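K.L.:
Just so it is clear, I am handing over work_24.cif, which has mmCIF, C-alpha atoms; chains and numbers go by the auth columns.
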```cif
data_model
loop_
_atom_site.group_PDB
_atom_site.id
_atom_site.type_symbol
_atom_site.label_atom_id
_atom_site.label_comp_id
_atom_site.label_asym_id
_atom_site.label_seq_id
_atom_site.Cartn_x
_atom_site.Cartn_y
_atom_site.Cartn_z
_atom_site.B_iso_or_equiv
_atom_site.auth_seq_id
_atom_site.auth_asym_id
ATOM 1 C CA MET A 1 162.827 109.616 126.100 0.00 1 A
ATOM 2 C CA SER A 2 159.238 110.294 125.108 0.00 2 A
ATOM 3 C CA ASP A 3 158.345 112.342 122.056 0.00 3 A
ATOM 4 C CA PRO A 4 157.337 115.840 123.233 0.00 4 A
ATOM 5 C CA SER A 5 155.203 116.319 120.121 0.00 5 A
ATOM 6 C CA GLU A 6 152.849 113.618 121.436 0.00 6 A
ATOM 7 C CA PRO A 7 150.136 114.760 123.889 0.00 7 A
ATOM 8 C CA GLY A 8 150.537 114.022 127.572 0.00 8 A
ATOM 9 C CA ARG A 9 149.022 115.080 130.887 0.00 9 A
ATOM 10 C CA ALA A 10 150.069 118.422 132.341 0.00 10 A
ATOM 11 C CA TRP A 11 151.229 118.424 135.955 0.00 11 A
ATOM 12 C CA VAL A 12 150.924 122.083 136.893 0.00 12 A
ATOM 13 C CA PHE A 13 153.070 123.784 139.533 0.00 13 A
ATOM 14 C CA GLY A 14 153.337 127.419 140.588 0.00 14 A
ATOM 15 C CA ASP A 15 156.132 129.973 140.689 0.00 15 A
ATOM 16 C CA ASN A 16 159.571 129.603 142.286 0.00 16 A
ATOM 17 C CA ILE A 17 159.667 125.808 142.368 0.00 17 A
ATOM 18 C CA ASP A 18 163.216 125.128 143.506 0.00 18 A
ATOM 19 C CA THR A 19 165.373 122.060 143.038 0.00 19 A
ATOM 20 C CA ASP A 20 164.677 120.840 146.595 0.00 20 A
ATOM 21 C CA GLN A 21 160.961 120.833 145.794 0.00 21 A
ATOM 22 C CA ILE A 22 161.618 118.910 142.568 0.00 22 A
ATOM 23 C CA THR A 23 163.927 116.369 144.208 0.00 23 A
ATOM 24 C CA PRO A 24 164.357 116.788 147.973 0.00 24 A
ATOM 25 C CA SER A 25 168.047 116.914 148.895 0.00 25 A
ATOM 26 C CA ARG A 26 167.704 114.100 151.444 0.00 26 A
ATOM 27 C CA PHE A 27 167.254 111.725 148.493 0.00 27 A
ATOM 28 C CA ILE A 28 170.338 112.857 146.590 0.00 28 A
ATOM 29 C CA VAL A 29 172.305 109.750 147.462 0.00 29 A
ATOM 30 C CA SER A 30 171.979 108.288 143.983 0.00 30 A
ATOM 31 C CA SER A 31 172.391 109.456 140.414 0.00 31 A
ATOM 32 C CA ASP A 32 170.112 106.729 139.100 0.00 32 A
ATOM 33 C CA PRO A 33 167.239 108.399 137.207 0.00 33 A
ATOM 34 C CA ASP A 34 164.769 105.643 138.102 0.00 34 A
ATOM 35 C CA GLU A 35 165.571 105.882 141.820 0.00 35 A
ATOM 36 C CA LEU A 36 165.417 109.688 141.773 0.00 36 A
ATOM 37 C CA ALA A 37 162.063 109.556 139.959 0.00 37 A
ATOM 38 C CA THR A 38 160.490 107.826 142.969 0.00 38 A
ATOM 39 C CA HIS A 39 161.107 111.018 144.965 0.00 39 A
ATOM 40 C CA ALA A 40 160.198 113.659 142.366 0.00 40 A
ATOM 41 C CA PHE A 41 158.014 116.365 143.946 0.00 41 A
ATOM 42 C CA GLU A 42 157.644 114.109 147.007 0.00 42 A
ATOM 43 C CA ASP A 43 157.068 116.969 149.474 0.00 43 A
ATOM 44 C CA LEU A 44 155.097 119.202 147.101 0.00 44 A
ATOM 45 C CA ARG A 45 152.827 116.655 145.397 0.00 45 A
ATOM 46 C CA PRO A 46 153.331 113.246 147.010 0.00 46 A
ATOM 47 C CA GLU A 47 151.096 111.575 144.420 0.00 47 A
ATOM 48 C CA PHE A 48 153.323 112.644 141.512 0.00 48 A
ATOM 49 C CA SER A 49 155.791 109.753 141.458 0.00 49 A
ATOM 50 C CA GLY A 50 153.051 107.141 141.681 0.00 50 A
ATOM 51 C CA LYS A 51 150.765 108.661 139.071 0.00 51 A
ATOM 52 C CA VAL A 52 153.029 110.349 136.520 0.00 52 A
ATOM 53 C CA GLU A 53 153.100 108.447 133.257 0.00 53 A
ATOM 54 C CA THR A 54 155.669 108.312 130.503 0.00 54 A
ATOM 55 C CA GLY A 55 154.851 111.146 128.145 0.00 55 A
ATOM 56 C CA ASP A 56 153.442 113.531 130.763 0.00 56 A
ATOM 57 C CA PHE A 57 154.629 117.144 131.067 0.00 57 A
ATOM 58 C CA VAL A 58 155.594 119.403 133.940 0.00 58 A
ATOM 59 C CA VAL A 59 154.146 122.911 133.590 0.00 59 A
ATOM 60 C CA ALA A 60 155.143 125.768 135.878 0.00 60 A
ATOM 61 C CA GLY A 61 155.139 129.506 136.397 0.00 61 A
ATOM 62 C CA GLU A 62 158.129 131.771 136.882 0.00 62 A
ATOM 63 C CA ASN A 63 161.630 130.745 137.967 0.00 63 A
ATOM 64 C CA PHE A 64 161.246 126.971 137.731 0.00 64 A
ATOM 65 C CA GLY A 65 164.280 125.049 138.994 0.00 65 A
ATOM 66 C CA SER A 66 165.925 127.728 141.111 0.00 66 A
ATOM 67 C CA GLY A 67 168.340 126.731 143.855 0.00 67 A
ATOM 68 C CA SER A 68 171.048 124.130 143.576 0.00 68 A
ATOM 69 C CA SER A 69 173.066 123.477 140.442 0.00 69 A
ATOM 70 C CA ARG A 70 172.701 119.699 140.907 0.00 70 A
ATOM 71 C CA GLU A 71 171.622 117.733 137.845 0.00 71 A
ATOM 72 C CA HIS A 72 169.531 115.451 140.059 0.00 72 A
ATOM 73 C CA SER A 73 166.340 117.478 139.670 0.00 73 A
ATOM 74 C CA PRO A 74 166.066 117.322 135.879 0.00 74 A
ATOM 75 C CA LEU A 75 167.425 113.767 136.047 0.00 75 A
ATOM 76 C CA SER A 76 164.530 112.751 138.314 0.00 76 A
ATOM 77 C CA LEU A 77 162.103 114.079 135.676 0.00 77 A
ATOM 78 C CA VAL A 78 163.910 112.119 132.966 0.00 78 A
ATOM 79 C CA GLY A 79 163.608 109.009 135.139 0.00 79 A
ATOM 80 C CA ALA A 80 159.890 109.683 135.629 0.00 80 A
ATOM 81 C CA GLY A 81 159.390 109.658 131.857 0.00 81 A
ATOM 82 C CA VAL A 82 158.429 113.330 131.613 0.00 82 A
ATOM 83 C CA SER A 83 158.382 114.426 127.950 0.00 83 A
ATOM 84 C CA GLY A 84 159.266 118.023 128.699 0.00 84 A
ATOM 85 C CA VAL A 85 158.974 121.001 130.990 0.00 85 A
ATOM 86 C CA ILE A 86 156.999 124.098 130.025 0.00 86 A
ATOM 87 C CA ALA A 87 157.413 127.161 132.237 0.00 87 A
ATOM 88 C CA GLN A 88 156.995 130.911 132.116 0.00 88 A
ATOM 89 C CA SER A 89 160.677 131.166 133.030 0.00 89 A
ATOM 90 C CA PHE A 90 163.477 128.933 134.270 0.00 90 A
ATOM 91 C CA ALA A 91 166.451 129.298 136.528 0.00 91 A
ATOM 92 C CA ARG A 92 169.272 129.261 133.980 0.00 92 A
ATOM 93 C CA ILE A 93 171.196 126.405 135.587 0.00 93 A
ATOM 94 C CA PHE A 94 168.134 124.124 135.587 0.00 94 A
ATOM 95 C CA PHE A 95 167.422 125.062 131.978 0.00 95 A
ATOM 96 C CA ARG A 96 170.956 124.168 130.913 0.00 96 A
ATOM 97 C CA ASN A 97 171.102 120.977 132.996 0.00 97 A
ATOM 98 C CA ALA A 98 167.831 119.822 131.417 0.00 98 A
ATOM 99 C CA ILE A 99 169.185 120.417 127.901 0.00 99 A
ATOM 100 C CA ASN A 100 172.420 118.617 128.801 0.00 100 A
ATOM 101 C CA LEU A 101 170.342 115.603 129.889 0.00 101 A
ATOM 102 C CA GLY A 102 168.146 115.683 126.775 0.00 102 A
ATOM 103 C CA LEU A 103 165.026 116.898 128.612 0.00 103 A
ATOM 104 C CA PRO A 104 163.085 119.339 126.386 0.00 104 A
ATOM 105 C CA VAL A 105 162.297 122.672 128.035 0.00 105 A
ATOM 106 C CA LEU A 106 160.371 125.610 126.617 0.00 106 A
ATOM 107 C CA ILE A 107 159.924 129.108 127.996 0.00 107 A
ATOM 108 C CA CYS A 108 156.253 129.850 127.449 0.00 108 A
ATOM 109 C CA PRO A 109 154.727 133.074 128.823 0.00 109 A
ATOM 110 C CA GLY A 110 151.240 131.582 128.321 0.00 110 A
ATOM 111 C CA ALA A 111 151.931 128.519 130.474 0.00 111 A
ATOM 112 C CA ASP A 112 149.610 129.910 133.148 0.00 112 A
ATOM 113 C CA ALA A 113 146.649 129.156 130.847 0.00 113 A
ATOM 114 C CA ILE A 114 147.322 125.424 131.179 0.00 114 A
ATOM 115 C CA ASP A 115 145.347 123.637 133.876 0.00 115 A
ATOM 116 C CA ASP A 116 146.404 120.564 135.800 0.00 116 A
ATOM 117 C CA GLY A 117 145.333 117.516 133.814 0.00 117 A
ATOM 118 C CA ASP A 118 145.122 119.256 130.422 0.00 118 A
ATOM 119 C CA GLU A 119 146.567 117.268 127.520 0.00 119 A
ATOM 120 C CA VAL A 120 149.499 119.227 126.082 0.00 120 A
ATOM 121 C CA SER A 121 152.390 118.764 123.665 0.00 121 A
ATOM 122 C CA MET A 122 155.314 120.883 122.526 0.00 122 A
ATOM 123 C CA ASP A 123 156.987 121.675 119.237 0.00 123 A
ATOM 124 C CA ILE A 124 160.554 122.513 120.254 0.00 124 A
ATOM 125 C CA ASP A 125 161.525 123.439 116.703 0.00 125 A
ATOM 126 C CA ALA A 126 158.785 126.032 116.221 0.00 126 A
ATOM 127 C CA GLY A 127 158.459 127.066 119.865 0.00 127 A
ATOM 128 C CA ILE A 128 154.783 126.228 120.212 0.00 128 A
ATOM 129 C CA VAL A 129 152.901 124.578 123.068 0.00 129 A
ATOM 130 C CA HIS A 130 149.622 122.914 122.134 0.00 130 A
ATOM 131 C CA ASN A 131 146.817 122.552 124.663 0.00 131 A
ATOM 132 C CA HIS A 132 144.723 119.760 123.169 0.00 132 A
ATOM 133 C CA THR A 133 142.142 119.919 125.958 0.00 133 A
ATOM 134 C CA LYS A 134 141.293 123.568 125.304 0.00 134 A
ATOM 135 C CA GLY A 135 142.085 123.636 121.581 0.00 135 A
ATOM 136 C CA GLU A 136 144.637 126.416 122.154 0.00 136 A
ATOM 137 C CA GLN A 137 148.267 126.985 121.360 0.00 137 A
ATOM 138 C CA TYR A 138 150.776 129.245 123.067 0.00 138 A
ATOM 139 C CA ASP A 139 153.898 130.831 121.677 0.00 139 A
ATOM 140 C CA ALA A 140 157.116 129.811 123.359 0.00 140 A
ATOM 141 C CA GLU A 141 160.768 130.579 122.774 0.00 141 A
ATOM 142 C CA ALA A 142 162.014 128.075 120.215 0.00 142 A
ATOM 143 C CA LEU A 143 165.253 126.404 121.187 0.00 143 A
ATOM 144 C CA PRO A 144 168.220 127.477 119.068 0.00 144 A
ATOM 145 C CA GLU A 145 169.138 124.827 116.497 0.00 145 A
ATOM 146 C CA PHE A 146 172.210 123.653 118.418 0.00 146 A
ATOM 147 C CA LEU A 147 170.192 123.102 121.615 0.00 147 A
ATOM 148 C CA GLN A 148 167.492 121.316 119.613 0.00 148 A
ATOM 149 C CA THR A 149 170.207 118.980 118.343 0.00 149 A
ATOM 150 C CA LEU A 150 171.408 118.289 121.897 0.00 150 A
ATOM 151 C CA VAL A 151 167.884 117.444 123.027 0.00 151 A
ATOM 152 C CA GLU A 152 167.155 115.300 119.971 0.00 152 A
ATOM 153 C CA GLN A 153 170.412 113.365 120.486 0.00 153 A
ATOM 154 C CA GLY A 154 169.500 112.651 124.128 0.00 154 A
ATOM 155 C CA GLY A 155 171.734 115.250 125.771 0.00 155 A
ATOM 156 C CA LEU A 156 175.338 116.406 125.809 0.00 156 A
ATOM 157 C CA LYS A 157 176.902 112.988 126.517 0.00 157 A
ATOM 158 C CA ALA A 158 175.041 111.273 123.677 0.00 158 A
ATOM 159 C CA TYR A 159 175.773 114.182 121.342 0.00 159 A
ATOM 160 C CA THR A 160 179.498 114.079 122.192 0.00 160 A
ATOM 161 C CA LYS A 161 179.665 110.299 121.740 0.00 161 A
ATOM 162 C CA ALA A 162 178.023 110.599 118.325 0.00 162 A
ATOM 163 C CA LYS A 163 180.425 113.370 117.289 0.00 163 A
ATOM 164 C CA LEU A 164 183.476 111.409 118.417 0.00 164 A
ATOM 165 C CA SER A 165 182.401 108.311 116.502 0.00 165 A
ATOM 166 C CA GLU A 166 181.977 110.198 113.196 0.00 166 A
#
```
I'd like the structure from this file rewritten - as structure tokens, please.
P.N.:
Amino acid sequence: MSDPSEPGRAWVFGDNIDTDQITPSRFIVSSDPDELATHAFEDLRPEFSGKVETGDFVVAGENFGSGSSREHSPLSLVGAGVSGVIAQSFARIFFRNAINLGLPVLICPGADAIDDGDEVSMDIDAGIVHNHTKGEQYDAEALPEFLQTLVEQGGLKAYTKAKLSE
């Protein structure tokens, strides 16, 4: 997974982006992150899967990831190489699924100041989003230490494997 502290392009979306808009349900025939990535935001922004680069960020408004409890939506973003998701708020199940998959997510009330194409990065420890294009930073909710550990280890499976091998 890419380092979220390194700058990447912001792909900006609005409010109430649900899991079917992230990964349309008609493509949920696989759990392969690379396959799912080819369909990420296919109906909402068809150019996304062909132009997203490893290290880019998804930025959204309120209630990002509402809808289904499937892990496929955050998994498609992992497969696309997205470094993290920054949103004004998340549907709780998406938030938790992302953490469990090792995808950094930050709740950032100031996310609406980020424009599509801005270069951004995130500090998950401090809860800060940096907008390198505008020379601004926005306060976010820092992840609790335990969730930071899950993300840094690559998700719940990797964390559990590491714990069991100690």
K.L.:
To verify the selection step, state as a VMD selection string which residues the PyMOL selection byres ((chain A and resi 32-45) around 9) yields on this input.
P.N.:
chain A and resid 20 to 24 27 to 31 46 to 50 72 to 73 75 to 81
K.L.:
Could you write those residues out with C-alpha atoms, as a CSV table (one decimal), keeping the file's coordinate frame?
P.N.:
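Output saved as part.csv:
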```csv
chain,number,residue,atom,x,y,z
A,20,ASP,CA,164.7,120.8,146.6
A,21,GLN,CA,161.0,120.8,145.8
A,22,ILE,CA,161.6,118.9,142.6
A,23,THR,CA,163.9,116.4,144.2
A,24,PRO,CA,164.4,116.8,148.0
A,27,PHE,CA,167.3,111.7,148.5
A,28,ILE,CA,170.3,112.9,146.6
A,29,VAL,CA,172.3,109.8,147.5
A,30,SER,CA,172.0,108.3,144.0
A,31,SER,CA,172.4,109.5,140.4
A,46,PRO,CA,153.3,113.2,147.0
A,47,GLU,CA,151.1,111.6,144.4
A,48,PHE,CA,153.3,112.6,141.5
A,49,SER,CA,155.8,109.8,141.5
A,50,GLY,CA,153.1,107.1,141.7
A,72,HIS,CA,169.5,115.5,140.1
A,73,SER,CA,166.3,117.5,139.7
A,75,LEU,CA,167.4,113.8,136.0
A,76,SER,CA,164.5,112.8,138.3
A,77,LEU,CA,162.1,114.1,135.7
A,78,VAL,CA,163.9,112.1,133.0
A,79,GLY,CA,163.6,109.0,135.1
A,80,ALA,CA,159.9,109.7,135.6
A,81,GLY,CA,159.4,109.7,131.9
```
K.L.:
Evaluate the PyMOL selection byres ((chain A and resi 101) around 8) on the structure here and hand back the selected residues as an MDAnalysis selection string.
P.N.:
chainID A and resid 74:75 78 97:100 102:103 151 154:157
K.L.:
Here is a test: counting only C-alpha atoms, which residue of A:Val12, A:Met1, A:Ala91, A:Ile86 is nearest to Gly117 in chain A?
P.N.:
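Nearest to Gly117 in chain A: A:Val12.
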K.L.:
To one decimal in Å, tell me the separation between CA of Glu119 in chain A and CA of Lys134 in chain A.
P.N.:
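So the answer is 8.5 Å.
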K.L.:
What are the centre and edge lengths in Å, to one decimal, of the axis-aligned box around all listed atoms of range 127-146 of chain A with 6 Å added on each side, as lines of an AutoDock Vina configuration file?
P.N.:
```
center_x = 156.8
center_y = 125.3
center_z = 121.2
size_x = 42.9
size_y = 23.1
size_z = 21.5
```
K.L.:
Go through the shown structure with the PyMOL selection byres ((chain A and resi 136) around 12) and write out the matching residues as a ChimeraX atom specification.
P.N.:
/A:110-111,113-114,118-121,128-135,137-139
K.L.:
What does the distance from CA of Leu143 in chain A to CA of Thr54 in chain A come to in Å, to one decimal?
P.N.:
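These atoms are spaced 22.5 Å apart.
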K.L.:
Rounded to one decimal place, report the CA of Ala142 in chain A-CA of Leu164 in chain A distance in Å.
P.N.:
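CA of Leu164 in chain A lies 27.2 Å from CA of Ala142 in chain A.
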K.L.:
For Phe94 in chain A, list every protein, DNA or RNA residue within 9 Å, evaluated using all atoms listed in the file, and leave out those in the same chain fewer than 5 positions away; present the list as a PDB file with C-alpha atoms, in the coordinates of the input.
P.N.:
```pdb
ATOM      1  CA  THR A  19     165.373 122.060 143.038  1.00  0.00           C
ATOM      2  CA  PHE A  64     161.246 126.971 137.731  1.00  0.00           C
ATOM      3  CA  GLY A  65     164.280 125.049 138.994  1.00  0.00           C
ATOM      4  CA  SER A  66     165.925 127.728 141.111  1.00  0.00           C
ATOM      5  CA  GLY A  67     168.340 126.731 143.855  1.00  0.00           C
ATOM      6  CA  SER A  68     171.048 124.130 143.576  1.00  0.00           C
ATOM      7  CA  SER A  69     173.066 123.477 140.442  1.00  0.00           C
ATOM      8  CA  ARG A  70     172.701 119.699 140.907  1.00  0.00           C
ATOM      9  CA  GLU A  71     171.622 117.733 137.845  1.00  0.00           C
ATOM     10  CA  SER A  73     166.340 117.478 139.670  1.00  0.00           C
ATOM     11  CA  PRO A  74     166.066 117.322 135.879  1.00  0.00           C
ATOM     12  CA  ILE A  99     169.185 120.417 127.901  1.00  0.00           C
TER      13      ILE A  99
END
```
K.L.:
Smallest atom-to-atom distance to Glu152 in chain A: which of A:Glu53, A:Asp3, A:Glu62, A:Asp112, using only C-alpha atoms?
P.N.:
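For Glu152 in chain A, the nearest of the given residues is A:Asp3.
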K.L.:
Looking at only C-alpha atoms, which of A:Thr149, A:Val52, A:Pro4, A:Asn63 is the one that sits closest to Val105 in chain A?
P.N.:
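Among the listed residues, A:Pro4 lies closest to Val105 in chain A.
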K.L.:
Write out as a PDB file with C-alpha atoms, in the coordinates of the input the residues lying within 7 Å of Glu141 in chain A, counting only C-alpha atoms and excluding same-chain residues fewer than 3 positions away.
P.N.:
```pdb
ATOM      1  CA  LEU A 106     160.371 125.610 126.617  1.00  0.00           C
ATOM      2  CA  ILE A 107     159.924 129.108 127.996  1.00  0.00           C
ATOM      3  CA  CYS A 108     156.253 129.850 127.449  1.00  0.00           C
ATOM      4  CA  GLY A 127     158.459 127.066 119.865  1.00  0.00           C
TER       5      GLY A 127
END
```
K.L.:
Would you kindly place all heavy atoms on range 92-103 of chain A and return the model as a PDB file, keeping the file's coordinate frame?
P.N.:
```pdb
ATOM      1  N   ARG A  92     168.387 129.601 135.109  1.00  0.00           N
ATOM      2  CA  ARG A  92     169.272 129.261 133.980  1.00  0.00           C
ATOM      3  C   ARG A  92     170.006 127.932 134.171  1.00  0.00           C
ATOM      4  O   ARG A  92     170.167 127.170 133.226  1.00  0.00           O
ATOM      5  CB  ARG A  92     170.285 130.382 133.720  1.00  0.00           C
ATOM      6  CG  ARG A  92     169.680 131.720 133.354  1.00  0.00           C
ATOM      7  CD  ARG A  92     168.579 131.681 132.315  1.00  0.00           C
ATOM      8  NE  ARG A  92     169.007 131.203 131.008  1.00  0.00           N
ATOM      9  CZ  ARG A  92     168.193 130.933 130.007  1.00  0.00           C
ATOM     10  NH1 ARG A  92     166.893 131.100 130.133  1.00  0.00           N
ATOM     11  NH2 ARG A  92     168.646 130.494 128.858  1.00  0.00           N
ATOM     12  N   ILE A  93     170.440 127.639 135.380  1.00  0.00           N
ATOM     13  CA  ILE A  93     171.196 126.405 135.587  1.00  0.00           C
ATOM     14  C   ILE A  93     170.303 125.176 135.385  1.00  0.00           C
ATOM     15  O   ILE A  93     170.731 124.179 134.804  1.00  0.00           O
ATOM     16  CB  ILE A  93     171.926 126.385 136.961  1.00  0.00           C
ATOM     17  CG1 ILE A  93     172.947 125.253 137.027  1.00  0.00           C
ATOM     18  CG2 ILE A  93     170.945 126.310 138.109  1.00  0.00           C
ATOM     19  CD1 ILE A  93     174.149 125.424 136.146  1.00  0.00           C
ATOM     20  N   PHE A  94     169.052 125.234 135.829  1.00  0.00           N
ATOM     21  CA  PHE A  94     168.134 124.124 135.587  1.00  0.00           C
ATOM     22  C   PHE A  94     167.898 123.970 134.092  1.00  0.00           C
ATOM     23  O   PHE A  94     167.924 122.851 133.554  1.00  0.00           O
ATOM     24  CB  PHE A  94     166.790 124.318 136.300  1.00  0.00           C
ATOM     25  CG  PHE A  94     165.838 123.173 136.042  1.00  0.00           C
ATOM     26  CD1 PHE A  94     165.791 122.099 136.904  1.00  0.00           C
ATOM     27  CD2 PHE A  94     165.023 123.156 134.917  1.00  0.00           C
ATOM     28  CE1 PHE A  94     164.938 121.016 136.658  1.00  0.00           C
ATOM     29  CE2 PHE A  94     164.178 122.085 134.653  1.00  0.00           C
ATOM     30  CZ  PHE A  94     164.141 121.015 135.529  1.00  0.00           C
ATOM     31  N   PHE A  95     167.670 125.079 133.419  1.00  0.00           N
ATOM     32  CA  PHE A  95     167.422 125.062 131.978  1.00  0.00           C
ATOM     33  C   PHE A  95     168.569 124.354 131.261  1.00  0.00           C
ATOM     34  O   PHE A  95     168.359 123.446 130.450  1.00  0.00           O
ATOM     35  CB  PHE A  95     167.259 126.502 131.471  1.00  0.00           C
ATOM     36  CG  PHE A  95     166.881 126.627 130.027  1.00  0.00           C
ATOM     37  CD1 PHE A  95     165.550 126.633 129.645  1.00  0.00           C
ATOM     38  CD2 PHE A  95     167.843 126.759 129.041  1.00  0.00           C
ATOM     39  CE1 PHE A  95     165.186 126.763 128.306  1.00  0.00           C
ATOM     40  CE2 PHE A  95     167.501 126.890 127.707  1.00  0.00           C
ATOM     41  CZ  PHE A  95     166.163 126.893 127.341  1.00  0.00           C
ATOM     42  N   ARG A  96     169.788 124.746 131.585  1.00  0.00           N
ATOM     43  CA  ARG A  96     170.956 124.168 130.913  1.00  0.00           C
ATOM     44  C   ARG A  96     171.168 122.702 131.309  1.00  0.00           C
ATOM     45  O   ARG A  96     171.493 121.866 130.462  1.00  0.00           O
ATOM     46  CB  ARG A  96     172.204 124.995 131.224  1.00  0.00           C
ATOM     47  CG  ARG A  96     173.378 124.645 130.362  1.00  0.00           C
ATOM     48  CD  ARG A  96     172.993 124.781 128.910  1.00  0.00           C
ATOM     49  NE  ARG A  96     173.878 123.984 128.092  1.00  0.00           N
ATOM     50  CZ  ARG A  96     174.218 124.268 126.860  1.00  0.00           C
ATOM     51  NH1 ARG A  96     173.734 125.337 126.273  1.00  0.00           N
ATOM     52  NH2 ARG A  96     175.015 123.489 126.195  1.00  0.00           N
ATOM     53  N   ASN A  97     170.975 122.372 132.577  1.00  0.00           N
ATOM     54  CA  ASN A  97     171.102 120.977 132.996  1.00  0.00           C
ATOM     55  C   ASN A  97     170.084 120.093 132.273  1.00  0.00           C
ATOM     56  O   ASN A  97     170.399 118.967 131.871  1.00  0.00           O
ATOM     57  CB  ASN A  97     170.931 120.831 134.509  1.00  0.00           C
ATOM     58  CG  ASN A  97     172.158 121.232 135.290  1.00  0.00           C
ATOM     59  OD1 ASN A  97     173.268 121.268 134.758  1.00  0.00           O
ATOM     60  ND2 ASN A  97     171.964 121.537 136.561  1.00  0.00           N
ATOM     61  N   ALA A  98     168.866 120.585 132.117  1.00  0.00           N
ATOM     62  CA  ALA A  98     167.831 119.822 131.417  1.00  0.00           C
ATOM     63  C   ALA A  98     168.255 119.551 129.971  1.00  0.00           C
ATOM     64  O   ALA A  98     168.169 118.412 129.495  1.00  0.00           O
ATOM     65  CB  ALA A  98     166.499 120.564 131.463  1.00  0.00           C
ATOM     66  N   ILE A  99     168.721 120.574 129.290  1.00  0.00           N
ATOM     67  CA  ILE A  99     169.185 120.417 127.901  1.00  0.00           C
ATOM     68  C   ILE A  99     170.326 119.397 127.855  1.00  0.00           C
ATOM     69  O   ILE A  99     170.346 118.509 127.006  1.00  0.00           O
ATOM     70  CB  ILE A  99     169.662 121.766 127.328  1.00  0.00           C
ATOM     71  CG1 ILE A  99     168.509 122.771 127.243  1.00  0.00           C
ATOM     72  CG2 ILE A  99     170.351 121.586 125.986  1.00  0.00           C
ATOM     73  CD1 ILE A  99     167.455 122.468 126.233  1.00  0.00           C
ATOM     74  N   ASN A 100     171.272 119.526 128.779  1.00  0.00           N
ATOM     75  CA  ASN A 100     172.420 118.617 128.801  1.00  0.00           C
ATOM     76  C   ASN A 100     172.008 117.163 129.032  1.00  0.00           C
ATOM     77  O   ASN A 100     172.732 116.252 128.651  1.00  0.00           O
ATOM     78  CB  ASN A 100     173.434 119.043 129.861  1.00  0.00           C
ATOM     79  CG  ASN A 100     174.204 120.272 129.454  1.00  0.00           C
ATOM     80  OD1 ASN A 100     174.221 120.666 128.284  1.00  0.00           O
ATOM     81  ND2 ASN A 100     174.847 120.903 130.421  1.00  0.00           N
ATOM     82  N   LEU A 101     170.850 116.955 129.647  1.00  0.00           N
ATOM     83  CA  LEU A 101     170.342 115.603 129.889  1.00  0.00           C
ATOM     84  C   LEU A 101     169.347 115.153 128.816  1.00  0.00           C
ATOM     85  O   LEU A 101     168.819 114.052 128.889  1.00  0.00           O
ATOM     86  CB  LEU A 101     169.693 115.529 131.266  1.00  0.00           C
ATOM     87  CG  LEU A 101     170.664 115.677 132.438  1.00  0.00           C
ATOM     88  CD1 LEU A 101     169.895 115.867 133.735  1.00  0.00           C
ATOM     89  CD2 LEU A 101     171.587 114.480 132.517  1.00  0.00           C
ATOM     90  N   GLY A 102     169.067 116.028 127.847  1.00  0.00           N
ATOM     91  CA  GLY A 102     168.146 115.683 126.775  1.00  0.00           C
ATOM     92  C   GLY A 102     166.684 115.876 127.125  1.00  0.00           C
ATOM     93  O   GLY A 102     165.802 115.362 126.431  1.00  0.00           O
ATOM     94  N   LEU A 103     166.409 116.625 128.196  1.00  0.00           N
ATOM     95  CA  LEU A 103     165.026 116.898 128.612  1.00  0.00           C
ATOM     96  C   LEU A 103     164.555 118.188 127.949  1.00  0.00           C
ATOM     97  O   LEU A 103     165.096 119.261 128.235  1.00  0.00           O
ATOM     98  CB  LEU A 103     164.946 117.031 130.141  1.00  0.00           C
ATOM     99  CG  LEU A 103     163.579 117.378 130.732  1.00  0.00           C
ATOM    100  CD1 LEU A 103     162.569 116.259 130.462  1.00  0.00           C
ATOM    101  CD2 LEU A 103     163.707 117.630 132.231  1.00  0.00           C
TER     102      LEU A 103
END
```
